[in-house]
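**Student:** Below you'll find the structure I mean.
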Amino acid sequence: MYRKGFEVAALAGAVLVLGWAGLETGLWAERGQQPLPAASGNGPGFRAIGPLAFAPDGTLFAADTQSAAIFALDLGSSATGGAPGAKNVAAVDQKIAAILGTEAREILVTDLAVHPKTRNAYISVMRGQGADARPALLRIDGAGAIDVVRMEGMKFSRAELPNAPQATPGARRSPRTDSITDMAFVDGRLLVAGLSNEEFASKLRAISYPFAGVDNGTSVEIYHGNHGQFETRSPVYTFVPYRLDGTPHLIAGYLCTPLVKFPLASLKAGAKVTGTTIAELGNRNRPLDMIVYKKDGQEFLLMANNSRGVMKIPTASFTSAQGITSRVESETGGVGFEPVAHMKGVEQLDLLDDTHTIVLARGEGGVLNLEAVPLP
Amino acid sequence: MPAASFVLAAGLAGACSGRAADSPPRITLRTDTPAPVVDVTGLPRADLERLAGASLTPEQWIRLLRVEVSSGGETTSAVPPVAGSYAIAGEAIRFTPLFPLDPGRQYTVVFDPSRMPGARDGGTGGRIETVVSRPAEARAPSTHVERVYPTLDVLPENQLRMYIQFSAPMGLRGGLDHVRLLDERGNEVVDPFLPLDAEFWNADRTRYTVFFDPGRVKRGILPNKEMGRALEPGRRYTLVVSSEWSDAYGLPLKSSFAREFRVTSADERPLDTGAWRIEPPDAGSSAPLTVSFPEPLDHGLLMRALGVSRGGAPLAGEIRVEDAERRWIFTPRDPWGAGDHELVVLSFLEDLAGNRIGRAFEVDAFDRVDKGAEPERHIVPFRVAPGPGS
C-alpha cells in the first residue's frame with residue numbers, strides 16, 4: 001500500500017534528471033519533501049559520497065549517505081582515456097589529499113570499486129571535516145595516474161530511499177536517517193543494505209534500474225547460531241550476489257559474523273525473509289567487504305573483516321550447507337574458512353581481474369595503500 | 001598571515017620576450033573572487049594572447065603554473081599538484097582550484113615562464129616560486145555536548161542505546177573513539193558499545209547514536225556468556241565524551257562531558273499501552289494532549305512513533321517529550337473536535353531496553369515470524385469530551 005511519486009525534469013544541457021521524489025509507506029508515512037537537484041546542469045548534487053557499485057555497462061551507483069539517496073552516474077568520458085587496469089599506489093590517501101588541496105587527515109575514504117570494462121579503480125572520498133565537507137570521486141588507472149572525476153555536467157539519475165515512517169504528519173523533521181552500508185547490482189536491480197540510527201534493524205531494498213521506484217524494503221530475518229535466536233535486528237553489513245546451483249542468491253555478512261544465504265527471488269517488497277545462516281565466523285567482528293572469485297577451477301568468497309582479518313571461504317558447500325539452527329557454542333561454525341594472514345589492514349576490497357584483488361590497506365604509520373594482490 | 005610573499009628568481013627578462021624589466025610577473029592569491037583563485041599578473045598582453053590561442057593540455061598548464069600543498073621543505077615531484085582549472089582572466093593567468101583552498105594551509109605556487117608558448121627554452125632560470133595562504137580562521141572551540149538521552153540517571157542493565165546531542169554539527173571523523181564508559185573506580189569498561197564504522201548521525205550531524213553491543217546485552221549468547229553485560233545492576237557508571245572529538249570546523253569540543261548514572265535490574269517486559277495515562281483536553285480547545293508512561297521510552301522513537309487520529313485520519317500537530325522521556329505531549333494544529341479519537345503507536349516504539357509493544361527484546365523469536373516489513377499500528381482509543389461551552 002504505497003503511493004509513488006515520480007518526477008522527470010529536463011535540464012539545460014540535456015541533462016535528464018529522474019527524481020524519485022518520495023514513496024509513501026502507508027498512511028502514516030510522510031511524503032518525501034526533498035527537492036530534486038537544482039536545475040543548474042551542474043551534475044549530481046551529492047551531500048556525501050559513500051558506497052559504490054558498478055553495473056556491468058559501467059554505470060556507477062554512488063550512495064549519498066547524508067540524504068539517503070543513490071545516484072546512477074554516467075561516467076562518460078571520465079571512464080575513458082586512462083591506462084587499463086589499476087596500479088599499486090603507496091600512500092594513496094596522501095596523494096589524493098594533495099590533489100584535493102589538503103592533507104590526509106582531512107579526507108575520509110569511503111569506498112573502492114573497479115570499473116567492469118576498464119578495470120580502473122574508483123575511490124570515493126569526503127574532503128573536509130563537517131559542514132564544509134565535500135564529496136570527491138577519483139580514478140586510478142593502470143599507470144597509477146590519479147584523476148578527479150569531474151561531476152559538472154555529468155549525466156545522472158537519482159533514487160531516494162523512502163522516508164522513515166512517522167506517525168504524526170507535519171511534525172518536526174525526524175532526526176532518523178538511514179545509513180547505506182553496501183550496494184550491488186544484480187539482474188537489472190540495485191540492491192541496497194541500509195541501517196537506521198534509531199531502529200536496530202536490517203533492511204535490504206531493491207531498486208530497478210533505470211530508476212522507476214524504490215521498493216518498500218525487505219526485512220531480512222536470520223537464525224543467528226551464536227545468538228541462539230532469530231536476529232531480525234542485526235544489520236546486514238556487506239553482501240555479494242552469487243549463483244548457487246544456477247539460482248541467484250545473496251551471500252550476506254552480518255555483524256558478529258554470520259554468513260547468510262538468501263534466494264534472490266525471495267526478496268520482495270514488504271516481505272519478511274528468513275535467510276539461512278551457513279557459517280559463523282566469530283564474535284566481536286564486523287565484515288567490511290567481500291568478493292567472489294575463481295581459482296584453479298574452484299570458487300571462493302574473500303571477505304575482509306575488522307578484527308579477524310581476511311578470510312577465504314570455499315563456496316562449493318554453500319548449496320548443500322545446512323542452516324545453523326542451534327546455538328554454536330564454539331567461536332565459529334558451519335562452512336569452513338581459511339584466514340589469509342598476508343593480507344593485513346584491509347579496509348576496502350574489490351575484484352581487479354581474474355588473478356588479482358585490489359585492496360585499500362592500512363600500512364605502517366597509518367598510511368593507506370592501494371595494492372593489487374594475487375588472489376589467494 | 002599575509003596573502004603572499006614573493007620570491008623572484010634572476011634571469012626573468014630572458015624567458016618571456018617583450019616584458020618590461022621593471023614589472024616582473026606576480027603571483028597572488030585572490031580571495032575577492034567567489035572562490036579563492038591564484039593569479040599570475042604582470043605578463044605582456046602579447047604573451048597572454050599567444051597563450052589564449054595555444055590550447056595547452058592539462059599537463060602543459062601544470063608545467064606552466066603548478067600549485068601544490070606545501071610539504072614544509074623543498075617541493076618534490078612526489079606531491080601531486082592541486083586539481084583545478086586554468087584560464088586567462090583579463091590580464092592574468094588564473095588557476096581555480098577544484099576545492100576551495102583551506103584557510104591557514106600553505107600552498108606552493110610555481111610559475112615557469114619558459115613554458116609559455118613561444119618562449120625560448122631558457123631552462124628553469126625564470127621560475128618564480130612563492131608560498132600563498134588564506135588567513136587561518138581564528139575560532140575558539142565552542143561546540144559542546146548539550147545532553148544525553150536517556151535523561152534519567154537510572155538505567156536498566158540491558159540499556160540498548162544512547163543519543164548524544166551536540167550544540168553544533170560535528171566532523172566526519174569517528175565518534176566511538178571518543179566515548180568511554182567508566183566504572184565506579186574510574187576504570188574503563190571494555191568494549192561496551194557496538195563497533196560500527198557506519199556511524200549513526202542525524203542529517204545535520206548534531207545527534208550521535210551509541211548502541212550498546214546487543215551481543216552482550218542478550219542473555220545466553222556467546223559474547224554475553226564470555227563477557228557478561230557491560231552494565232551491572234547496583235553499580236554506578238560514568239559516560240565520558242572526550243573533548244578531543246572534532247566538530248565540523250575540525251576543532252575540539254569546548255570541554256569534555258561526563259554523565260553519571262546508576263544501573264538497575266534488567267527490564268525485560270514488553271510495553272503495555274494499558275499502563276499509559278492519556279489526558280485529553282476538552283473539545284474546542286487547542287490545548288495539548290498528554291500521554292504519560294510508567295517508564296521512560298526511547299527519545300528518538302517517541303518523536304516519530306506516536307500520533308493521533310480521528311476516524312483513521314491523522315491529525316497534524318507538534319510533538320514534545322518531557323519528564324525524562326516519560327511524557328509525550330501533542331499540540332494539535334486545529335482545535336479538538338468532540339468524540340472518539342485514537343492514539344496511534346507504530347510498532348517500532350521501544351523503551352530504553354529495546355522492548356516493544358507485545359514483544360520484549362529478550363524473547364526467543366525462533367518460533368515466530370513478524371507479519372511484514374510495514375510497521376504495525378497499535379490503536380489506543382480515547383474520547384475528547386465536549387467543552388464547557390458546548
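Numbering starts fresh at 1 for the residues of each chain in the C-alpha cells, the chains themselves are lettered A, B, ... in the order given, and ligands are numbered from 1 as they appear.
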Neighbouring residues of B:Tyr163 were defined as those with any atom within 6 Å, considering only C-alpha atoms; residues of the same chain fewer than 5 positions away were excluded. Please report them as an NGL selection string.

**Tutor:** :B and (148-149 or 208-209)

**Student:** What is the distance, in Å and to one decimal place, between atom CA of A:Met183 and atom CA of A:Leu250?

**Tutor:** 11.5 Å

**Student:** Which one of A:Pro314, A:Gly365, A:Gly81, A:Gly50 sits closest to A:Ala62 if you count only C-alpha atoms?

**Tutor:**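 Smallest distance to A:Ala62 is found for A:Gly50.
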
**Student:** Go through A:Thr59, A:Gln298, A:Gln94, A:Thr355 and flag the residue nearest chain B, using only C-alpha atoms for the distances.

**Tutor:** A:Gln94
